[in-house]
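Visitor: Take a look at this one; I'll ask things after.
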Amino acid sequence: MSDLTVPLARWHLPTPGRIGLAIVAVWLVVAVLSPWLAPYAAGNVTAADVFAPMSRAFPLGTDYLGRDMLSRVLLGARITVGVSLAATALACFTGVTLALAAAVHGGWVDAVLSRVLDALISVPSLMFSLVIVASLGSSLGVLILTAAVIYTPGAYRTARALAVNINALDFVTVARARGEGTWFIMREEILPNMVLPVLTDFGLRFVYVVLLLSGLSFLGLGVQPPNADWGSLVRENLEGLFDGAPAVIVPAIAIATLTIGVNLLIDNLPTRRNGHAR
Amino acid sequence: MRADAAPMVSVKGLRVTVRGDGGNTVIVDGASFDIARGEVVALIGESGSGKTTIALSLLGYARPGCTIAAGSIHVGGTDVRALSASALASFRGRNVSYIAQSAAASFNPSQRVMAQVIESARVHGILSRADAEAKAMALLRALALPDPERVGQRFPHQVSGGQLQRLMAAMALITDPELVIMDEPTTALDVTTQIEVLRAFKSVVQQQHTTALYVSHDLAVVAQIADRIVVLRDGVIQEVGPTRCILGAPTHAYTQSLLAAADPAARATPVVVPDVADPPVLRVEGLIAGYGGINADGLPYLPVVRDLAFAIRAGAVLGVIGESGCGKSTLARVIAGLLPAARGTIALDGEVLPADAARRTREQLRRVQIVFQSADVALNPAHRVGRILARPLQFYHGLSGAAVSRRVRELLDMVRLPAALADRFPHELSGGQKQRVNLARALAADPRLILCDEVTSALDTVVGAAILELLAELRRELRLAYMFISHDLSTVRAICDEVMVLYAGQMVEYGNRNALLAAPRHPYTDLLIASVPELRPGWLDGLAPMRLAEAAGGVAAFSEAPCAFAPRCAMRLDAVCATEPPPIQTLAKGAAIRCHRTAQDLLVAQTDRDLTPHDRSHVEA
Amino acid sequence: MNATVLRLIITRLGLAALTLWIVSVLVFGATALLPGDVAEAVLGQAATPEAVAGLRAALHLDQPGWLRYLIWLGGLLHGDPGRSLVNHLPVAQLIGNRLPNSLLLAALTAAVSVPVALAIGITAAVRRGSLYDRVVNLLTVSLVSVPEFLVATLAVVIFAVNLHWLPALSSVSDISSPEALFRSFAMPVLSLSCVIVAQMARMSRAALIGTLDSSYVEMARLKGVRPARLVLRHALPNALGPIVNAVALSLSFLLGGVIIIETIFNYPGLAKLMVDAVATRDMPLVQACAMIFCAAYLLLTLLADIAAILSNPRLRHR
C-alpha cells in the first residue's frame with residue numbers, strides 16, 4: 001500500500017488525459033458562457049428551412065423548427081452539464097459521508113446502510129427513474145434528486161470499500177490507540193487518502209448521470225420544454241433521421257464527446273500502480 | 001570435481017535495467033561469477049540488491065519492465081541470451097529450474113498438486129505420465145514429505161507451507177536439470193519448520209550432485225548448504241569466495257558489516273538488573289484474550305492467549321518470543337487496549353487499566369505507546385513527517401506553535417534523523433528512516449512503556465541492527481521500558497533483559513535472558529534455540545535426529561489442551577502430559593518453566609545433547 | 001458440491017429474496033404514495049365528484065398505505081397485478097403479450113454479444129500492449145461512454161438511410177424465414193449489442209490479465225510451459241469465475257438499453273409498454289413492469305455471485 005498517494009510533484013498527465021481535460025474544460029466554459037457564445041438567441045426561429053444541412057450561416061444545420069443547431073447545442077450544454085454536475089455532486093457527497101460513517105462505526109450502522117443501498121443498486125437505473133418520473137413529474141429538481149438517489153449507492157460502495165481498507169491500516173490503529181475520536185480519524189486520517197480514488201469515482205458517476213439524463217430526455221420523460229438538454233434535442237429532431245439531417249446526430253455526438261472526455265481524464269489520473277510482482 | 005572442468009554456469013558482465021518514470025535505471029551492473037559442476041553457490045544480499053533479478057536472468061527471464069541489457073550468460077554450454085523464444089521455452093524447466101520464495105503463490109489454485117509437479121516433465125516430453133508420477137513419488141520420499149502417496153491429490157490450499165515448499169523442490173527436480181535455482185525458499189517459514197526443509201533440500205542436492213544457486217539474505221542458512229558465497233549489494237558484486245573464508249575472514253567492508261549484523265547477540269547490551277524495590281511499570285495477571293466476542297462463560301470464542309502473567313520494571317526490556325500462532329502480536333494489542341482482554345488485569349504503575357482503550361483516559365493512553373512492524377503502513381502517506389510528530393504533542397501535552405516545532409526537531413534528533421526530514425512525506429523516506437519516525441512518534445508522547453511489535457522484522461539486517469542500537473541507547477537515556485516482541489531469537493538476545501517464550505498462546509518459559517540459554521530449559525525453548533541456524537557450516541549436519549523429529553511436528557495454533565506442546569515433545573510423559581495442566585516451576589537459573597518434568601530430568605537430557613562451545617561462550621556469569 | 005458451497009448459495013438466494021422484497025417496497029413507495037390525487041389525474045376532464053369517489057374506492061385509495069401495499073403484494077404473488085388504468089385490461093394480459101418479444105430480443109442479443117465479446121476480450125488480454133490491444137481499448141472505452149441512442153441513430157443513418165441494407169423499423173410478425181428474421185432484428189440487436197460487447201470485452205480482458213499477471217502463471221512460464229498452454233490450462237480456468245461474473249453483470253445493462261432501443265425502433269416489447277405506461281401514468285402497469293425488470297436484474301446478479309462462489313477452488317474443495 002506504499003503507493004496510496006503518488007508524489008504529485010513529479011507526476012504529469014499523459015497525453016490522452018490532456019485531451020480529456022481539454023474537452024471537459026471546453027464544455028465547462030461553454031456551459032457557463034453559452035448565452036454570450038451562441039450566435040443566435042434561444043427561441044429564435046430564423047429560417048424557413050427546417051433540417052438544413054451544415055452551411056456558413058448555420059455551422060451545424062437547423063432543427064425541426066428552423067432554429068440554428070449550434071446555438072441549440074451550446075445552450076443545451078448548460079442544462080446537461082449543470083443538472084448532471086448538481087446530481088453527481090449530491091450523489092457523491094451523500095455516498096462518501098454515509099460510507100465514512102459505516103466504515104468507522106461498523107456494527108449495525110454499516111449493516112443497515114449496506115443492506116438498503118444494496119437494494120437500491122438492484123433497481124436498474126433507467127427503469128427506476130421512469131418509475132419516479134411517473135409519480136413526481138419531470139421538473140429539474142426532481143430529475144436532479146432522482147439521479148442523485150440512483151447513483152448514491154454506487155458512490156457509497158466505492159467509498160466504503162476504500163474507507164474500510166484504509167481503516168485497517170496501521171496508521172489508523174495508531175490514531176485509535178492514541179485515543180483520537182471517530183470524527184478526527186475520519187477527517188484527518190482516512191479522508192485525505194481517499195481523495196484521488198473518490199475524484200475518479202466522481203468522474204465515473206458523472207458519465208452515468210449524463211447518460212441517464214439524456215436517455216430520459218430522449219424518451220420524452222426528462223427535461224421538458226422550454227428547457228432543452230442534449231437528449232431532448234435528439235428527441236425533437238428524430239424525424240430528421242431519415243433525411244440524413246445533422247440536427248439529430250449533432251447533440252448525440254456532443255454527449256459522446258463529453259463522456260469520452262471525462263473517461264479519458266479519469267483513466268489517466270494517478271492511481272495505485274499495478275506494479276510487477278516482487 | 002576435476003580442477004580443469006569448465007564451469008557449469010558462467011556469467012560475465014551481466015547488466016539489467018528497469019524502465020521507470022525518468023528513463024532506464026540500472027539494477028544489476030557488471031555481475032560476473034561462475035558455478036562449477038556439482039557445486040552449490042550462494043548469492044547473498046539484502047532486499048533490492050538484485051539477487052532475484054540475477055537468478056531469473058539465468059533462465060533468460062526478466063520481470064515486466066526489466067531488460068537484460070548486456071553481458072553473457074552460459075549454462076551448461078548454452079548461450080542463454082542467444083536463444084529464441086521457442087528455444088527458451090524448451091530450455092526453461094529442463095536445463096534450468098527455479099524454486100520460488102513463496103510456494104503458496106506459485107501453485108495454480110485450481111489444479112491438483114501432482115499434475116503441477118509433473119508438468120515440466122510432460123511438457124518437455126521427457127517422461128510418460130506414469131513414469132513421471134513414479135519419479136515424483138520417489139522425490140517426495142527423498143524430501144521427507146509425510147504421506148507422499150496421498151498429498152499429490154490435494155489442492156494447494158489444503159497443503160501446509162513447509163510441505164508446499166518441498167513439493168516445489170520436487171517440481172524443479174523432476175526433469176533432472178543441469179542447474180537448480182533456489183530463491184529464498186525458507187524465508188517465509190517458521191524457524192522450526194525451516195530446518196527440516198533445509199535438511200531435505202541438502203540431502204537431495206548432495207545425493208544427485210546437483211549444481212545449485214541458492215539465493216538468500218540469511219548468512220547462517222546459507223552457511224549450511226553452500227560451497228561458495230557471492231556477496232551482492234545494490235546490483236554490484238562485492239566479494240566472492242569459499243564459505244569458510246567469507247564467514248571466517250571476510251575482506252570486504254560490506255561483508256564484514258553483514259556478518260556483524262547477523263549476530264547481534266555478540267554485541268548485546270549488558271543485562272540490567274532491576275532494583276527489586278522499584279514497582280513495576282506494567283504488571284499483567286491471569287490474561288485471557290481472543291477474537292470473535294465473549295461467550296456465556298466470559299471467555300472469547302476464538303481464544304488466542306491464556307493464563308499470561310508477567311511484569312516489566314522501569315527501564316527494563318521484556319522480550320516476547322514465539323513462532324506463528326503463539327499470540328505475541330495479539331498480546332501487544334491487548335495491552336494497548338485495542339483488543340479488550342476477556343479476563344485478567346493489566347496494571348500500569350500500579351493503576352489497573354480498563355481493558356478497552358475506549359474507556360481509558362488520555363493520560364493512561366499516553367503512557368503506553370505502540371510501534372508496529374511495517375513502517376510503510378504505520379505512517380499516514382498524506383501527512384508530512386512534521387505533522388505526524390506534532391499530533392501527539394498537541395494531543396497529549398497541549399503544545400502549540402513554536403514549542404511544537406522545537407520539540408519535533410528534538411525528537412528527530414533523538415532518533416538520529418536530520419531536522420530537514422520534517423518537511424518530507426513518508427514515501428520519500430527509506431525503510432529504516434520510516435521506522436525511526438515511528439519510534440519518534442511514540443517518544444513524542446513521553447511514555448513509560450513502548451510496545452515494539454516486530455519492529456525490525458521487515459527491515460534488512462544491517463538497517464535492523466541500527467534500529468536495535470537506537471532502541472538500546474534510548475532506553476539508557478530515557479529510562480524507558482519496552483515490551484519487545486519478535487520471532488527472531490538473536491534479536492531478542494541482543495536487547496532484552498528478561499524473556500518470555502510463548503507457544504500456542506501459553507507462556508512456557510519466563511526468565512532472565514542468560515537463563516534462557518542455560519539448561520535446564522523448557523523442551524520448546526530448547527527446540528527453538530536449537531533451530532536457529534548458526535553461522536558455522538556443519539551446524540545443520542550436526543543436529544540430532546530427535547531434534548528433527550520434534551521440528552517436524554509443525555507449529556501449533558492456540559489449543560485448549562493442558563500442554564499445547566505435548567504432542568510434539570520428545571520429553572513427554574504420555575500418562576500425565578495429555579491430561580493434567582503442567583505446573584509452573586521456578587528454577588535455580590533464574591527462570592520459570594511450565595512443565596511436568598523435573599529440572600533434573602531436563603538438565604540431564606539437554607546437557608548431553610548439544611551445547612557447543614559456541615553457546616558456552618555466550619552465556620555470561 | 002459440498003456443504004459449504006451449498007450453504008453459501010442458499011444464503012445468497014435468501015439475500016436475493018430479501019432484496020427483492022425491499023425493492024417491492026421501494027417501487028410501491030415511489031409510485032403509490034405520491035402527491036396529488038391519482039384518481040383526478042386519471043379521470044382528467046371527466047373528474048366529477050362521484051366518478052372520483054368511485055375510482056378512489058376501486059383503487060383502495062382510502063385505505064392506509066401499508067394495507068394498499070399488502071393488497072398489491074398479494075395480488076402480485078397470485079399473478080394478478082391489477083388492471084390498467086387506461087384501458088382496463090388485466091395487467092397480466094398486457095404484459096403477457098409483450099414479454100415474449102422482449103425476451104426474444106434479449107436472447108438474440110445475448111447470443112450474439114457473448115461470444116463476440118469474449119473472443120475480443122480474451123485475444124486482447126493475450127496480446128496485451130500490442131496495436132490490436134490498444135485499438136480494442138480505445139474502441140471499447142468509447143462505446144461504453146456513449147449513449148445507446150447515438151449508436152442506434154448512427155446505425156440507422158449508416159445502414160438504413162445511406163446504404164439501404166436493412167429496414168429502419170422492425171416488424172416482429174415477419175419472422176417467417178431466417179432471412180426475414182435477420183432483416184427485422186439486425187438493427188435493434190446490433191445497436192443493443194454494441195455497448196454490451198464493449199462492456200463485456202473490457203471486463204473479461206481485465207479478468208484474464210489479472211490471472212496472467214499472477215505468480216503461478218509466472219512459475220509455469222519458468223517451467224517452460226508454452227503460451228498457448230499457459231492461457232488455456234493455467235490462466236483461463238482461474239479467470240472463469242470473474243469472466244462469468246462479467247458476462248452476467250454486462251447482460252444486466254441490457255435492462256437499460258432495451259428501453260431506448262425498443263423506443264427508437266418501435267419494437268412491441270415490455271420496455272416500450274412501460275415507457276408508454278409512464279407517459280400515461282398508468283400506475284399498476286408501471287409497478288408490474290418495474291418488478292419484472294428488478295427481478296431479472298437480481299437474477300443476473302445472483303448468477304454472477306453463484307459463479308464467483310463455484311469457481312473458487314478453496315470453497316469447492318474443503
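By convention here, the chains of the C-alpha cells are called A, B, ... in the order presented, each chain's residues are numbered starting at 1, and ligands are numbered starting at 1 in the order presented.
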Please, which residues in chain B fall within 7 Å of chain A when counting only C-alpha atoms, and what is the closest atom pair and distance in Å to one decimal for each, ordered by chain then residue number, as CSV?
Guide:
```
residue,atom,partner,partner_atom,distance
B:Pro64,CA,A:His276,CA,6.3
B:Ala336,CA,A:Ala177,CA,6.7
B:Leu338,CA,A:Ala177,CA,6.5
B:Ala357,CA,A:Ala177,CA,6.7
B:Ala358,CA,A:Gly179,CA,7.0
B:Arg362,CA,A:Gly179,CA,6.4
B:Leu365,CA,A:Arg178,CA,6.1
B:Arg366,CA,A:Arg178,CA,6.9
B:Asp376,CA,A:Ser2,CA,6.0
B:Val377,CA,A:Asp170,CA,5.5
B:Ala378,CA,A:Phe171,CA,4.2
B:Leu379,CA,A:Phe171,CA,5.2
B:Asn380,CA,A:Phe171,CA,5.7
B:Pro381,CA,A:Thr5,CA,6.3
B:Ala382,CA,A:Asn193,CA,6.1
B:His427,CA,A:Ser2,CA,7.0
```
Visitor: Using only C-alpha atoms and a cut-off of 7 Å, which residues of chain C sit close to chain B? Please list them as a list in words.
Guide: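 Output check: Ser215, Tyr216, Met219, Leu222, Lys223, Gly224, Val225, Arg226, His234, Asn238, Pro313 and Arg314 of chain C.
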Visitor: Any idea what's packed within 8 Å of Pro124 in chain A, counting only C-alpha atoms, ignoring anything in its chain fewer than 6 positions away? Could you give it as a VMD selection string?
Guide: chain C and resid 255 to 256 293 to 294 297
Visitor: For the residues in the current selection, export N, CA and C atoms as a short mmCIF file (atom, residue, chain, number, x, y, z; two decimals), in the first residue's frame.
Guide:
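Ended up saving to out.cif:
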```
data_model
loop_
_atom_site.label_atom_id
_atom_site.label_comp_id
_atom_site.auth_asym_id
_atom_site.auth_seq_id
_atom_site.Cartn_x
_atom_site.Cartn_y
_atom_site.Cartn_z
N LEU C 255 -31.00 -4.38 -19.54
CA LEU C 255 -32.26 -3.92 -18.99
C LEU C 255 -32.45 -2.42 -19.16
N GLY C 256 -31.33 -1.69 -19.25
CA GLY C 256 -31.45 -0.26 -19.50
C GLY C 256 -31.52 0.01 -21.00
N PHE C 293 -38.57 -6.12 -14.26
CA PHE C 293 -37.20 -5.69 -14.55
C PHE C 293 -36.28 -5.93 -13.37
N CYS C 294 -36.76 -5.58 -12.17
CA CYS C 294 -35.91 -5.75 -10.99
C CYS C 294 -35.60 -7.21 -10.73
N TYR C 297 -32.96 -8.32 -13.07
CA TYR C 297 -31.67 -7.80 -12.64
C TYR C 297 -31.11 -8.60 -11.49
#
```
Visitor: So that I can check the surroundings of Leu13 in chain C, please list as a list of chain:residue names every protein, DNA and RNA residue that reaches within 10 Å of it, counting only C-alpha atoms and ignoring chain neighbours fewer than 3 positions away.
Guide: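 Once the adjacent positions are removed, what remains is C:Arg7, C:Leu8, C:Ile9, C:Ile10, C:Ala16, C:Ala17, C:Leu18, C:Thr19, C:Leu298, C:Leu299, C:Leu302, C:Leu303, C:Asp305, C:Ile306.
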Visitor: By how many Å are CA of Leu251 in chain C and CA of Val197 in chain C apart?
Guide: 9.4 Å
Visitor: Let me make sure I understand: among A:Ala111, A:Leu269, A:Leu37, A:Val149, which one has the smallest atom-to-atom distance to Leu74 in chain A if we use only C-alpha atoms?
Guide: A:Leu37
Visitor: With a cut-off of 7 Å and counting only C-alpha atoms, select all residues of chain C in contact with chain A and give the selection as a list in words.
Guide: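 Every residue of chain C that passes the 7 Å test is in Thr19, Ile22, Val23, Ala30, Thr31, Leu34, Ser142, Ser145, Val146, Pro147, Leu150, Val157, Val161, Leu255, Gly256, Val278, Ala279, Arg281, Val286, Ala290, Cys294, Tyr297 and Leu298 of chain C.
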Visitor: Please, could you write that set of residues out with C-alpha atoms as an mmCIF file, in the first residue's frame?
Guide:
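As a result, selection14.cif now contains:
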```cif
data_model
loop_
_atom_site.group_PDB
_atom_site.id
_atom_site.type_symbol
_atom_site.label_atom_id
_atom_site.label_comp_id
_atom_site.auth_asym_id
_atom_site.auth_seq_id
_atom_site.Cartn_x
_atom_site.Cartn_y
_atom_site.Cartn_z
ATOM 1 C CA THR C 19 -33.568 -7.595 -1.595
ATOM 2 C CA ILE C 22 -37.146 -4.347 -0.179
ATOM 3 C CA VAL C 23 -37.284 -3.382 -3.853
ATOM 4 C CA ALA C 30 -42.300 5.565 -5.275
ATOM 5 C CA THR C 31 -45.470 5.068 -7.276
ATOM 6 C CA LEU C 34 -47.356 10.362 -4.430
ATOM 7 C CA SER C 142 -15.604 4.995 -26.473
ATOM 8 C CA SER C 145 -19.252 6.044 -22.763
ATOM 9 C CA VAL C 146 -21.720 6.862 -25.487
ATOM 10 C CA PRO C 147 -25.474 6.893 -25.133
ATOM 11 C CA LEU C 150 -26.296 7.522 -30.514
ATOM 12 C CA VAL C 157 -28.216 6.531 -40.632
ATOM 13 C CA VAL C 161 -30.585 5.697 -44.856
ATOM 14 C CA LEU C 255 -32.255 -3.925 -18.986
ATOM 15 C CA GLY C 256 -31.452 -0.257 -19.501
ATOM 16 C CA VAL C 278 -45.213 6.102 -17.547
ATOM 17 C CA ALA C 279 -46.295 8.688 -20.070
ATOM 18 C CA ARG C 281 -49.301 7.458 -15.538
ATOM 19 C CA VAL C 286 -45.713 0.683 -14.213
ATOM 20 C CA ALA C 290 -40.798 -2.434 -12.702
ATOM 21 C CA CYS C 294 -35.908 -5.747 -10.993
ATOM 22 C CA TYR C 297 -31.669 -7.801 -12.642
ATOM 23 C CA LEU C 298 -31.495 -9.638 -9.342
#
```
